[in-house]
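Shown next: upload-v3.cif, given as mmCIF, C-alpha atoms and all ligand atoms.
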data_start
#
loop_
_atom_site.group_PDB
_atom_site.id
_atom_site.type_symbol
_atom_site.label_atom_id
_atom_site.label_comp_id
_atom_site.auth_asym_id
_atom_site.auth_seq_id
_atom_site.Cartn_x
_atom_site.Cartn_y
_atom_site.Cartn_z
ATOM 1 C CA MET X 266 64.321 100.080 83.122
ATOM 2 C CA ASN X 267 61.941 102.114 85.302
ATOM 3 C CA SER X 268 58.219 101.512 85.089
ATOM 4 C CA THR X 269 57.394 104.737 83.202
ATOM 5 C CA ARG X 270 59.871 103.884 80.459
ATOM 6 C CA SER X 271 58.767 100.303 80.227
ATOM 7 C CA LEU X 272 55.134 101.416 79.960
ATOM 8 C CA ALA X 273 56.133 103.815 77.192
ATOM 9 C CA LEU X 274 57.934 100.963 75.416
ATOM 10 C CA VAL X 275 54.909 98.683 75.709
ATOM 11 C CA GLY X 276 52.753 101.488 74.299
ATOM 12 C CA PHE X 277 55.132 101.954 71.385
ATOM 13 C CA LEU X 278 55.230 98.223 70.608
ATOM 14 C CA LEU X 279 51.419 98.027 70.751
ATOM 15 C CA SER X 280 51.085 100.964 68.384
ATOM 16 C CA CYS X 281 53.473 99.186 65.964
ATOM 17 C CA ALA X 282 51.455 95.986 66.260
ATOM 18 C CA PHE X 283 48.209 97.753 65.346
ATOM 19 C CA SER X 284 49.506 100.066 62.666
ATOM 20 C CA PHE X 285 49.964 97.279 60.066
ATOM 21 C CA PRO X 286 47.506 94.706 58.770
ATOM 22 C CA ALA X 287 49.786 92.198 60.497
ATOM 23 C CA ALA X 288 47.666 89.106 59.967
ATOM 24 C CA ALA X 289 47.474 89.664 56.211
ATOM 25 C CA GLN X 290 51.146 90.424 55.708
ATOM 26 C CA ALA X 291 52.225 87.435 57.780
ATOM 27 C CA CYS X 292 50.489 84.927 55.493
ATOM 28 C CA GLY X 293 52.855 82.156 54.473
ATOM 29 C CA SER X 294 55.886 83.695 56.170
ATOM 30 C CA GLN X 295 56.814 80.181 57.277
ATOM 31 C CA GLY X 296 55.870 77.078 55.330
ATOM 32 C CA VAL X 297 53.047 76.904 52.802
ATOM 33 C CA ALA X 298 49.753 78.813 52.894
ATOM 34 C CA ALA X 299 46.888 79.703 50.576
ATOM 35 C CA GLN X 300 45.566 83.247 50.783
ATOM 36 C CA VAL X 301 42.176 84.271 49.446
ATOM 37 C CA LEU X 302 42.505 87.605 47.656
ATOM 38 C CA GLY X 303 38.926 87.543 46.403
ATOM 39 C CA SER X 304 36.207 85.453 48.065
ATOM 40 C CA GLY X 305 33.269 86.800 46.055
ATOM 41 C CA GLY X 306 31.647 86.273 42.683
ATOM 42 C CA PRO X 307 30.806 88.878 40.022
ATOM 43 C CA GLU X 308 28.314 90.928 42.100
ATOM 44 C CA LEU X 309 29.794 94.082 43.599
ATOM 45 C CA GLN X 310 27.094 94.087 46.299
ATOM 46 C CA ASP X 311 28.690 91.065 47.951
ATOM 47 C CA LYS X 312 31.360 93.565 49.060
ATOM 48 C CA ARG X 313 34.105 91.111 48.225
ATOM 49 C CA ALA X 314 36.787 91.053 45.572
ATOM 50 C CA SER X 315 36.082 88.564 42.783
ATOM 51 C CA SER X 316 37.939 85.274 42.461
ATOM 52 C CA SER X 317 41.697 85.270 43.134
ATOM 53 C CA TYR X 318 44.143 83.281 45.278
ATOM 54 C CA LEU X 319 47.805 83.302 46.228
ATOM 55 C CA VAL X 320 49.968 80.362 47.240
ATOM 56 C CA TRP X 321 52.706 81.464 49.619
ATOM 57 C CA GLU X 322 55.850 79.624 50.633
ATOM 58 C CA ASN X 323 58.290 80.987 53.227
ATOM 59 C CA GLY X 324 57.335 84.627 52.687
ATOM 60 C CA GLN X 325 57.234 84.443 48.879
ATOM 61 C CA ALA X 326 54.018 84.668 46.860
ATOM 62 C CA ARG X 327 54.777 81.847 44.400
ATOM 63 C CA VAL X 328 51.529 81.260 42.494
ATOM 64 C CA LEU X 329 48.572 83.493 41.587
ATOM 65 C CA ILE X 330 45.340 81.755 40.592
ATOM 66 C CA ASP X 331 42.868 84.037 38.779
ATOM 67 C CA ALA X 332 42.656 87.823 39.015
ATOM 68 C CA GLY X 333 39.022 88.902 39.287
ATOM 69 C CA GLY X 334 37.922 92.488 39.889
ATOM 70 C CA GLY X 335 39.199 93.918 43.177
ATOM 71 C CA SER X 336 41.981 91.361 43.462
ATOM 72 C CA ALA X 337 44.720 93.822 42.448
ATOM 73 C CA LEU X 338 43.939 95.946 45.515
ATOM 74 C CA ARG X 339 43.883 92.831 47.713
ATOM 75 C CA PHE X 340 47.179 91.705 46.150
ATOM 76 C CA GLY X 341 48.767 94.946 47.350
ATOM 77 C CA GLU X 342 47.161 94.598 50.776
ATOM 78 C CA SER X 343 48.525 91.057 51.098
ATOM 79 C CA GLY X 344 52.079 92.384 50.903
ATOM 80 C CA ALA X 345 52.847 90.261 47.832
ATOM 81 C CA GLN X 346 55.076 91.466 44.973
ATOM 82 C CA MET X 347 54.561 90.593 41.312
ATOM 83 C CA SER X 348 58.290 89.895 41.095
ATOM 84 C CA GLN X 349 57.890 86.981 43.540
ATOM 85 C CA LEU X 350 55.493 84.993 41.338
ATOM 86 C CA ASP X 351 56.722 81.844 39.603
ATOM 87 C CA VAL X 352 53.539 81.482 37.592
ATOM 88 C CA ILE X 353 50.014 82.820 37.028
ATOM 89 C CA LEU X 354 47.209 80.301 36.465
ATOM 90 C CA PHE X 355 43.783 81.083 35.052
ATOM 91 C CA THR X 356 40.774 78.815 35.544
ATOM 92 C CA HIS X 357 38.819 80.625 32.791
ATOM 93 C CA PHE X 358 38.279 84.099 31.401
ATOM 94 C CA HIS X 359 34.973 85.259 32.829
ATOM 95 C CA VAL X 360 35.378 88.855 34.065
ATOM 96 C CA ASP X 361 35.143 87.850 37.732
ATOM 97 C CA HIS X 362 38.264 85.700 37.237
ATOM 98 C CA SER X 363 40.368 87.936 35.028
ATOM 99 C CA GLY X 364 39.215 91.582 35.233
ATOM 100 C CA ASP X 365 42.177 92.863 37.295
ATOM 101 C CA PHE X 366 44.914 91.073 35.346
ATOM 102 C CA SER X 367 45.903 94.239 33.465
ATOM 103 C CA ALA X 368 46.203 96.229 36.707
ATOM 104 C CA LEU X 369 48.529 93.602 38.176
ATOM 105 C CA ILE X 370 50.708 93.589 35.060
ATOM 106 C CA LYS X 371 50.879 97.384 34.986
ATOM 107 C CA SER X 372 51.934 97.408 38.663
ATOM 108 C CA SER X 373 54.640 94.832 37.931
ATOM 109 C CA TRP X 374 56.231 97.321 35.529
ATOM 110 C CA PHE X 375 57.374 99.319 38.570
ATOM 111 C CA GLU X 376 59.053 96.292 40.144
ATOM 112 C CA ASP X 377 62.427 94.853 39.431
ATOM 113 C CA ARG X 378 61.399 91.526 37.954
ATOM 114 C CA LYS X 379 64.186 89.979 35.904
ATOM 115 C CA ARG X 380 62.729 86.681 34.736
ATOM 116 C CA PRO X 381 59.892 85.604 32.471
ATOM 117 C CA LEU X 382 56.392 85.327 33.900
ATOM 118 C CA PRO X 383 54.691 82.145 32.682
ATOM 119 C CA ILE X 384 50.908 82.364 32.416
ATOM 120 C CA TYR X 385 48.796 79.228 31.916
ATOM 121 C CA GLY X 386 45.098 78.917 31.233
ATOM 122 C CA PRO X 387 42.566 77.158 29.022
ATOM 123 C CA GLU X 388 42.352 76.859 25.266
ATOM 124 C CA GLY X 389 39.718 78.942 23.510
ATOM 125 C CA ASN X 390 36.592 78.210 21.501
ATOM 126 C CA ASP X 391 34.122 80.271 19.428
ATOM 127 C CA PHE X 392 32.775 81.768 22.620
ATOM 128 C CA MET X 393 35.935 82.587 24.609
ATOM 129 C CA PRO X 394 39.552 83.493 23.795
ATOM 130 C CA SER X 395 42.416 81.121 24.518
ATOM 131 C CA THR X 396 44.983 82.192 27.107
ATOM 132 C CA THR X 397 47.427 83.420 24.453
ATOM 133 C CA GLU X 398 44.609 85.329 22.720
ATOM 134 C CA PHE X 399 43.424 86.848 25.992
ATOM 135 C CA VAL X 400 46.896 88.169 26.813
ATOM 136 C CA SER X 401 47.538 89.461 23.290
ATOM 137 C CA ASP X 402 44.050 91.041 23.104
ATOM 138 C CA LEU X 403 45.202 93.124 26.072
ATOM 139 C CA PHE X 404 48.924 93.634 25.464
ATOM 140 C CA GLY X 405 49.598 92.692 21.829
ATOM 141 C CA GLU X 406 51.677 95.198 19.895
ATOM 142 C CA LYS X 407 49.235 95.789 17.018
ATOM 143 C CA HIS X 408 45.691 95.465 18.388
ATOM 144 C CA GLY X 409 46.013 95.067 22.133
ATOM 145 C CA ALA X 410 43.830 97.389 24.219
ATOM 146 C CA TYR X 411 46.914 98.221 26.311
ATOM 147 C CA ARG X 412 49.437 97.999 23.468
ATOM 148 C CA TYR X 413 51.421 100.794 25.121
ATOM 149 C CA LEU X 414 52.647 97.978 27.439
ATOM 150 C CA SER X 415 53.457 95.542 24.625
ATOM 151 C CA GLU X 416 57.128 95.478 25.609
ATOM 152 C CA LEU X 417 55.975 93.217 28.477
ATOM 153 C CA LEU X 418 54.737 90.663 25.943
ATOM 154 C CA ALA X 419 57.280 89.297 23.517
ATOM 155 C CA PRO X 420 56.663 85.579 23.098
ATOM 156 C CA GLY X 421 59.800 83.500 22.789
ATOM 157 C CA GLU X 422 62.207 85.928 24.399
ATOM 158 C CA GLU X 423 63.588 84.468 27.623
ATOM 159 C CA ALA X 424 66.234 86.934 28.728
ATOM 160 C CA SER X 425 64.360 89.184 31.124
ATOM 161 C CA TYR X 426 60.850 90.033 32.276
ATOM 162 C CA LYS X 427 58.266 89.137 29.659
ATOM 163 C CA MET X 428 54.874 87.533 29.982
ATOM 164 C CA GLN X 429 54.863 84.028 28.525
ATOM 165 C CA PRO X 430 51.266 82.898 27.972
ATOM 166 C CA HIS X 431 50.475 79.239 27.220
ATOM 167 C CA ASN X 432 47.287 77.356 26.358
ATOM 168 C CA VAL X 433 46.847 74.180 28.375
ATOM 169 C CA VAL X 434 45.670 71.246 26.306
ATOM 170 C CA ALA X 435 43.523 69.807 29.060
ATOM 171 C CA THR X 436 41.797 66.445 29.119
ATOM 172 C CA PRO X 437 39.199 64.853 31.396
ATOM 173 C CA ALA X 438 42.152 63.359 33.357
ATOM 174 C CA PRO X 439 44.785 65.522 35.108
ATOM 175 C CA VAL X 440 47.884 66.579 33.144
ATOM 176 C CA ALA X 441 51.189 67.993 34.406
ATOM 177 C CA VAL X 442 51.567 71.620 33.289
ATOM 178 C CA PHE X 443 54.425 73.411 35.009
ATOM 179 C CA ARG X 444 57.385 72.588 37.204
ATOM 180 C CA GLY X 445 59.960 74.823 38.878
ATOM 181 C CA GLY X 446 62.028 74.088 41.980
ATOM 182 C CA ASP X 447 59.788 72.505 44.616
ATOM 183 C CA LEU X 448 56.677 73.615 42.704
ATOM 184 C CA ALA X 449 54.635 71.349 40.433
ATOM 185 C CA VAL X 450 51.326 72.321 38.876
ATOM 186 C CA SER X 451 48.755 70.177 37.127
ATOM 187 C CA ALA X 452 45.309 70.806 35.656
ATOM 188 C CA VAL X 453 42.174 69.067 34.563
ATOM 189 C CA ARG X 454 39.361 70.152 32.282
ATOM 190 C CA VAL X 455 36.139 70.925 34.153
ATOM 191 C CA VAL X 456 32.613 71.634 32.926
ATOM 192 C CA HIS X 457 31.485 75.273 33.219
ATOM 193 C CA GLY X 458 28.787 75.660 30.588
ATOM 194 C CA ALA X 459 30.275 76.509 27.176
ATOM 195 C CA VAL X 460 33.327 78.162 28.746
ATOM 196 C CA PRO X 461 36.659 76.307 28.496
ATOM 197 C CA ALA X 462 37.648 75.929 32.157
ATOM 198 C CA LEU X 463 40.338 74.294 34.276
ATOM 199 C CA ALA X 464 40.771 73.222 37.877
ATOM 200 C CA TRP X 465 44.315 73.492 39.262
ATOM 201 C CA ARG X 466 46.452 71.400 41.611
ATOM 202 C CA VAL X 467 49.470 73.152 43.141
ATOM 203 C CA GLU X 468 52.086 70.968 44.862
ATOM 204 C CA ILE X 469 54.683 72.949 46.749
ATOM 205 C CA GLY X 470 57.018 72.185 49.638
ATOM 206 C CA GLY X 471 55.407 68.754 49.992
ATOM 207 C CA LYS X 472 51.895 70.250 50.378
ATOM 208 C CA VAL X 473 48.957 70.060 47.985
ATOM 209 C CA ILE X 474 46.376 72.790 47.362
ATOM 210 C CA VAL X 475 43.591 72.293 44.794
ATOM 211 C CA PHE X 476 41.394 74.999 43.260
ATOM 212 C CA SER X 477 38.101 73.905 41.694
ATOM 213 C CA GLY X 478 37.528 77.127 39.786
ATOM 214 C CA ASP X 479 33.976 77.459 38.475
ATOM 215 C CA THR X 480 32.430 74.145 37.499
ATOM 216 C CA ASN X 481 29.188 72.228 37.804
ATOM 217 C CA GLY X 482 31.173 69.286 39.183
ATOM 218 C CA GLU X 483 30.390 66.868 36.330
ATOM 219 C CA GLY X 484 32.795 64.002 35.677
ATOM 220 C CA GLN X 485 35.568 62.410 37.717
ATOM 221 C CA GLY X 486 38.465 64.687 36.725
ATOM 222 C CA LEU X 487 38.177 67.032 39.689
ATOM 223 C CA VAL X 488 38.023 64.103 42.118
ATOM 224 C CA GLN X 489 41.238 62.728 40.610
ATOM 225 C CA LEU X 490 42.911 66.136 40.698
ATOM 226 C CA ALA X 491 41.906 66.791 44.317
ATOM 227 C CA ARG X 492 42.866 63.336 45.620
ATOM 228 C CA ASN X 493 44.344 63.576 49.158
ATOM 229 C CA ALA X 494 44.808 67.351 48.876
ATOM 230 C CA ASP X 495 45.730 69.160 52.079
ATOM 231 C CA LEU X 496 43.435 72.005 51.085
ATOM 232 C CA PHE X 497 40.591 72.006 48.569
ATOM 233 C CA ILE X 498 39.217 75.449 47.669
ATOM 234 C CA ALA X 499 35.780 75.001 46.099
ATOM 235 C CA HIS X 500 33.363 77.541 44.699
ATOM 236 C CA ASN X 501 30.132 78.017 46.627
ATOM 237 C CA ALA X 502 28.308 79.925 43.864
ATOM 238 C CA VAL X 503 24.868 78.318 44.123
ATOM 239 C CA PRO X 504 22.706 76.988 46.952
ATOM 240 C CA GLU X 505 21.256 73.471 47.180
ATOM 241 C CA GLY X 506 18.243 72.824 44.962
ATOM 242 C CA VAL X 507 19.090 75.314 42.226
ATOM 243 C CA THR X 508 18.115 74.398 38.637
ATOM 244 C CA GLY X 509 18.504 75.686 35.076
ATOM 245 C CA ILE X 510 21.490 77.724 33.894
ATOM 246 C CA GLU X 511 22.817 78.255 37.429
ATOM 247 C CA ARG X 512 23.044 74.494 37.980
ATOM 248 C CA ARG X 513 24.567 73.942 34.543
ATOM 249 C CA LEU X 514 27.392 76.357 35.476
ATOM 250 C CA HIS X 515 27.980 75.651 39.174
ATOM 251 C CA MET X 516 28.074 72.847 41.744
ATOM 252 C CA PRO X 517 25.634 72.908 44.659
ATOM 253 C CA PRO X 518 26.858 72.018 48.186
ATOM 254 C CA SER X 519 25.901 68.318 47.850
ATOM 255 C CA VAL X 520 28.190 67.999 44.811
ATOM 256 C CA ILE X 521 31.027 69.851 46.569
ATOM 257 C CA GLY X 522 30.601 67.421 49.486
ATOM 258 C CA GLN X 523 30.647 64.412 47.197
ATOM 259 C CA ILE X 524 33.826 65.532 45.431
ATOM 260 C CA ALA X 525 35.587 66.467 48.695
ATOM 261 C CA GLY X 526 34.545 63.143 50.225
ATOM 262 C CA ASP X 527 35.456 60.975 47.213
ATOM 263 C CA ALA X 528 38.833 62.750 46.910
ATOM 264 C CA HIS X 529 39.545 62.395 50.658
ATOM 265 C CA VAL X 530 40.697 65.996 50.939
ATOM 266 C CA LYS X 531 41.960 66.961 54.383
ATOM 267 C CA SER X 532 40.355 70.399 54.567
ATOM 268 C CA LEU X 533 37.712 72.269 52.556
ATOM 269 C CA ILE X 534 37.497 76.025 51.988
ATOM 270 C CA LEU X 535 34.379 77.553 50.401
ATOM 271 C CA SER X 536 34.890 80.671 48.300
ATOM 272 C CA HIS X 537 33.294 82.493 45.298
ATOM 273 C CA ARG X 538 30.489 83.367 47.706
ATOM 274 C CA MET X 539 27.557 85.139 46.067
ATOM 275 C CA LEU X 540 24.400 86.911 47.211
ATOM 276 C CA ARG X 541 22.467 83.696 46.576
ATOM 277 C CA THR X 542 24.710 81.653 48.924
ATOM 278 C CA LEU X 543 25.684 84.247 51.547
ATOM 279 C CA GLY X 544 23.488 83.771 54.629
ATOM 280 C CA LYS X 545 22.898 80.105 53.776
ATOM 281 C CA GLU X 546 26.120 78.832 55.380
ATOM 282 C CA ASP X 547 24.374 76.492 57.861
ATOM 283 C CA GLN X 548 22.383 74.788 55.097
ATOM 284 C CA THR X 549 25.474 74.612 52.883
ATOM 285 C CA GLU X 550 27.589 73.091 55.628
ATOM 286 C CA SER X 551 25.009 70.466 56.576
ATOM 287 C CA GLU X 552 24.603 69.382 52.914
ATOM 288 C CA ILE X 553 28.374 69.032 52.542
ATOM 289 C CA LYS X 554 28.722 67.142 55.843
ATOM 290 C CA LYS X 555 26.447 64.389 54.565
ATOM 291 C CA GLN X 556 29.295 63.251 52.319
ATOM 292 C CA TYR X 557 32.469 64.862 53.629
ATOM 293 C CA PRO X 558 33.551 64.434 57.263
ATOM 294 C CA GLY X 559 36.493 66.873 57.382
ATOM 295 C CA PRO X 560 36.804 70.511 58.433
ATOM 296 C CA ILE X 561 34.945 73.206 56.425
ATOM 297 C CA LYS X 562 35.627 76.941 56.413
ATOM 298 C CA PHE X 563 33.971 79.836 54.579
ATOM 299 C CA ALA X 564 36.496 82.240 53.047
ATOM 300 C CA ASN X 565 36.631 86.016 53.373
ATOM 301 C CA ASP X 566 38.958 88.361 51.493
ATOM 302 C CA LEU X 567 42.585 88.164 52.674
ATOM 303 C CA ASP X 568 41.950 85.059 54.802
ATOM 304 C CA CYS X 569 45.124 83.032 55.154
ATOM 305 C CA PHE X 570 45.043 79.244 55.359
ATOM 306 C CA PRO X 571 48.404 77.789 56.434
ATOM 307 C CA VAL X 572 48.926 74.161 55.357
ATOM 308 C CA LYS X 573 50.318 72.280 58.327
HETATM 309 ZN ZN ZN Y 601 33.134 83.019 38.572
#
Would you mind giving the structure from this file in structure tokens?
Amino acid sequence: MNSTRSLALVGFLLSCAFSFPAAAQACGSQGVAAQVLGSGGPELQDKRASSSYLVWENGQARVLIDAGGGSALRFGESGAQMSQLDVILFTHFHVDHSGDFSALIKSSWFEDRKRPLPIYGPEGNDFMPSTTEFVSDLFGEKHGAYRYLSELLAPGEEASYKMQPHNVVATPAPVAVFRGGDLAVSAVRVVHGAVPALAWRVEIGGKVIVFSGDTNGEGQGLVQLARNADLFIAHNAVPEGVTGIERRLHMPPSVIGQIAGDAHVKSLILSHRMLRTLGKEDQTESEIKKQYPGPIKFANDLDCFPVK
């Protein structure tokens, strides 16, 4: 090959390399990885999608955890397909964890999914719907807001693609929830004000990824759930020293550090970043380091964290 042609070839290959969001689409192409679809909280001014995560294994998006606003766009950008998912898990039904669920389901209608889609989340109370209520409030045949898509929700039918929502009867100690192939999922009840809320443990391909969801960190359940996790994704929604309602809903850095340390997690990712914690990363990190000696990273949208 002469030098002009080889230069042209190099130029062509470079243009290919830069014409795709290569880093995002390569997440989890080999082995197991967690991808952050939404690293923000409810505030749009944080310029981040709200809470949502994917667990990838060998190029397949196997598990979706939460679907906050903006996450449907990030889902598309990640290169994932709704037909790849084994299961969707909800931590709770605040808008910043569930607002884009309908958009994801509508998109899935254009894919060729041929198996049920199990959906697991918390039970309800007077204040919040259960998981089955949440899904039927959206897609139920009679009163669902999007009842024109009710054919995607027919509880009990197993033959082809239908959503199959389930309420998890959670306890203060972890319970096994779902199993399929090399995937096993368990949950524990966590305290998030009056909102029924779960933290999730995803075991896949011999790796363990734990998602705190929103919680104030009370109790020992999350420590048990996160024990020896390869990756612990915790929500950095409030800074150190916060009081009142914010503290009753969320865990400050010192509590994240204590849980990560007590659970001996191998790596800690901080997500659900809000205007009140953005810019305070140094303070947050030093509080956590008092009790947890391992690596700490702050998440941004579409960040990919391979589990080695
Ligand atoms: Zn939240």
*Can you work out which one of X:Pro394, X:Gly335, X:Pro571, X:Gly478 has the shortest atom-to-atom distance to ligand ZN 601 (chain Y), counting all atoms listed in the file?*
X:Gly478
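Residues having any atom no farther than 7 Å from (46.0, 86.5, 30.1) (counting only C-alpha atoms) are Ile384, Thr396, Thr397, Phe399, Val400 and Pro430 of chain X.
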*Can you turn the PyMOL selection byres (((not hetatm)) within 7 of (chain Y and resi 601)) into a concrete residue list for this file, as a ChimeraX atom specification?*
/X:306-307,316,359,361-362,479,537
*Can you pull out every residue within 6 Å of Glu468 in chain X, counting all atoms listed in the file, but drop anything in the same chain fewer than 3 positions away, and send it as an MDAnalysis selection string?*
chainID X and resid 448:449 472:473
Write the residues of the selection above to a file with C-alpha atoms, as a short mmCIF file (atom, residue, chain, number, x, y, z; two decimals), in the coordinates of the input.
data_model
loop_
_atom_site.label_atom_id
_atom_site.label_comp_id
_atom_site.auth_asym_id
_atom_site.auth_seq_id
_atom_site.Cartn_x
_atom_site.Cartn_y
_atom_site.Cartn_z
CA LEU X 448 56.68 73.61 42.70
CA ALA X 449 54.64 71.35 40.43
CA LYS X 472 51.90 70.25 50.38
CA VAL X 473 48.96 70.06 47.98
#
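For the set X:Arg339, X:Lys312, X:Arg327, X:His431, the residue with the smallest atom-to-atom gap to Gly389 in chain X is X:His431, counting all atoms listed in the file.
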*Within 12 Å of Ile510 in chain X, counting only C-alpha atoms, which residues qualify if same-chain residues fewer than 6 places away don't, as a PyMOL selection string?*
chain X and resi 457-459+481+503+516
_Could you check the closest approach to His357 in chain X for each of X:Asn432, X:Ser304, X:Ser401, X:Gln485 and tell me which residue wins, using all atoms listed in the file?_
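When distances to His357 in chain X are compared using all atoms listed in the file, the smallest one comes from X:Asn432.
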*Å distance separating CA of Ala528 in chain X from CA of Leu540 in chain X, one decimal place*: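 Separation between CA of Ala528 in chain X and CA of Leu540 in chain X: 28.1 Å.
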*Interatomic distance between CA of Asp568 in chain X and CA of Gln300 in chain X?*
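CA of Gln300 in chain X lies at a distance of 5.7 Å from CA of Asp568 in chain X.
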Work out where the centre of an axis-aligned box around every listed atom of range 504-515 of chain X lies and how long its edges are once 4 Å is added on each side; give both in Å to one decimal as lines of an AutoDock Vina configuration file.
center_x = 23.0
center_y = 75.5
center_z = 40.5
size_x = 17.9
size_y = 13.4
size_z = 21.3
*For Gly305 in chain X, list every protein, DNA or RNA residue within 10 Å, evaluated using all atoms listed in the file, and leave out those in the same chain fewer than 5 positions away; present the list as an NGL selection string.*
:X and (310-317 or 333-335 or 361 or 500-502 or 536-540 or 543 or 564-566)
*Find, counting all atoms listed in the file, the residue in X:Gly303, X:Gly405, X:Gly296, X:Gly506 that gets nearest to Asp365 in chain X.*
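Checking each candidate against Asp365 in chain X, we get X:Gly303 as the closest.
Running the PyMOL selection byres (((chain X and resi 446) around 10) and not hetatm) on this file leaves Asp351, Arg444, Gly445, Asp447, Leu448, Ala449, Ile469 and Gly470 of chain X selected.
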